Each structure stands twice: as C-alpha cells, then as structure tokens.
Amino acid sequence: MNRLLIAAAALASLLASPAAATMTYDVAIPTLRGGADAATVVGTITTDGTLGQIDESAILDWSLSFAGTSGLDLAMTPADGALGEAYLFAWGLIATAEGLYLSTALSPYFEVGYFDPTYASEAFFQFSSGQFALTLRDGTTDLWTYADGVPSLVEPGWVVLAEAQASPVPAPAAAWLLGAGLAGLGLIARRRPEPA
C-alpha cells in the first residue's frame, strides 16, 4: 500500500510541475507585392510560451519562406546562411493563446533577416511604418522590395502577425514519462497481495 501511495505522489508531482510549454504560431501575413511581381509568405514562429507583451528574447525559433512569381525563393531561419548572419529584432508584440499581435500603441517593430558586413548585402523581412516588407539589398541598392499595407485589423490598434497552431503536440519526453508512471502504477497495483 505504501508503494502505491509513493508512486501516486510521484506521478501527481510529475503532472503538477510540467516543463514550460512552448507556443508555435503560423504566420498570417498578406501577399507582398513588388510592381507586377508578388511574393507569398509562409512559416512559423515559436516562443517560450510567455503570454503578454514580449520581445525577441521570448522567440526561440522562426522559419519564414518567401516565394515570388519572378522566381524569388528565400527562406529565413535563426541559422546563418549564404546571405550572412541571421538576426531578429522585435518589440511591441503581444502573445496570446490565439496568436501574436502587433500593438500600434506600443510602436511595434518586427524584423528577421541576414546581414553580411563584408559585402554589406542584406535580406530582411520587417513590419514597420504600417506595412510588411521584404527587401533584398546589395550595398545601398535595393534589388527587390515586396511590400503590402497593414492587413485588416483584429480591432482598432491590433495587427495579426501569426495565429496559434490549432493543436499543440505534447513534448515526447513528457508523454513518455506520463506513460511510464501510469504503467508503474498498474504494476504496483497488480502485485499487491490479495487480502486473506
């Protein structure tokens, strides 16, 4: 009986103190236009699970892919690439269980990109001055610029940057520990001697 109580207490402790859950959001950005060309944007942004006002310190990972009708094919991640060092700046972001929002009251700014100081080339995607834009630059010359105005507001003063994924997947390690705990409880309960 004591073993069963100890196992139950251990399982309750495991369930009561889970590791901090990360949140992954799907980007919700309009098609960006550059003259007759257009670029679609898809990808994800993963945070440490903090809700409320956040900056880049809460963003653990990002992956944005851009495909332009003129043949542009560009992906941006935290890993450095051929275009230079990866970077991320963000402020004025609000994270909720439903999405990531840009609050106009907080003078929001969001930018991910690559910078190569050797050649002064740069590729970056940003939200500022009321629009989303993707720019590829060689020195001071913009090679491509795609931009679009702010999409429809959720309500006055709020712009959607990304929407929470519908069903977050539990961490494999936590699921394994829960399964092992339940199996252990079953074995202990089964091995108890029958009352005389």
# chains A, B, ... in the order shown; residues from 1 in each chain; ligands from 1
>>> residues_around(residues="Gly84 (chain A)", least_positions_apart="2", cutoff="10 Å", atoms="only C-alpha atoms", output="VMD selection string")
chain A and resid 79 to 82 86 to 87 113 to 123
>>> closest_atom_pairs(of="region 59-85 of chain A", to="region 32-43 of chain A", cutoff="8 Å", atoms="only C-alpha atoms", output="tab-separated table")
residue	atom	partner	partner_atom	distance
A:Trp62	CA	A:Gly43	CA	7.5
A:Ser63	CA	A:Gly43	CA	5.2
A:Leu64	CA	A:Gly43	CA	4.3
A:Ser65	CA	A:Val42	CA	5.4
A:Phe66	CA	A:Val41	CA	4.8
A:Ala67	CA	A:Ala39	CA	5.2
A:Gly68	CA	A:Ala39	CA	3.9
A:Thr69	CA	A:Ala38	CA	5.7
A:Ser70	CA	A:Asp37	CA	6.2
A:Leu72	CA	A:Ala39	CA	7.7
>>> residues_around(residues="region 44-50 of chain A", least_positions_apart="2", cutoff="8 Å", atoms="only C-alpha atoms", output="list of chain:residue names")
A:Ala20, A:Ala21, A:Thr22, A:Met23, A:Thr24, A:Tyr25, A:Asp26, A:Val27, A:Val42, A:Gly52, A:Ile54, A:Ala58, A:Ile59, A:Leu60, A:Asp61, A:Trp62, A:Ser63, A:Leu64, A:Ala95, A:Ala162
>>> atom_distance(atom1="CA of Thr96 (chain A)", atom2="CA of Gln131 (chain A)")
21.9 Å
